[in-house]
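Written out below as structure tokens is the structure these notes cover.
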Amino acid sequence: MAMKYLGETLDIHYRRIDLAFPHHEYEIAQSEGATGKPFAKYLAAREHLLVEGEKMSKSLANFFTLRDLFGERV
């Protein structure tokens with residue numbers, strides 16, 4: 001899907017740290033095998049946001065929306 005909309009090589013691939021292995025290695029191998037080109041120019045990973053020491057998630061209902069953060073201006 002990414003190749004369909006963004007081309008064969010991505011400028012930046014931004015990934016979640018918990019999916020680093022093996023998910024992203026498979027994704028990179030499949031893309032580079034299919035195209036013969038680098039998957040992405042830059043790879044970046046993010047950690048989870050913590051709220052009171054716990055991972056922020058919908059299931060824990062400990063998340064904030066932009067409306068929460070900026071009031072009703074959004």
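Ordering of the structure tokens sets the chain letters (A, B, ...); residue numbers start at 1 within each chain; ligands are numbered from 1 in the order shown.
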Counting only C-alpha atoms, what is within 12 Å of A:Gly7, bar same-chain residues fewer than 6 positions away, as a ChimeraX atom specification? /A:1,31,35,37-40
All strand (DSSP E or B) residues (DSSP, backbone) inside stretch 2-63 of chain A, as a list in words: Leu10, Asp11, Ile12, His13, Tyr14, Arg15, Arg16, Ala40, Lys41, Tyr42, Leu43, Ala44, Ala45, Arg46, Leu50, Val51, Glu54 and Lys55 of chain A
Quick one: residues within 12 Å of A:Ile12, only C-alpha atoms, excluding same-chain residues fewer than 6 positions away - as a ChimeraX atom specification? /A:2,6,38-45
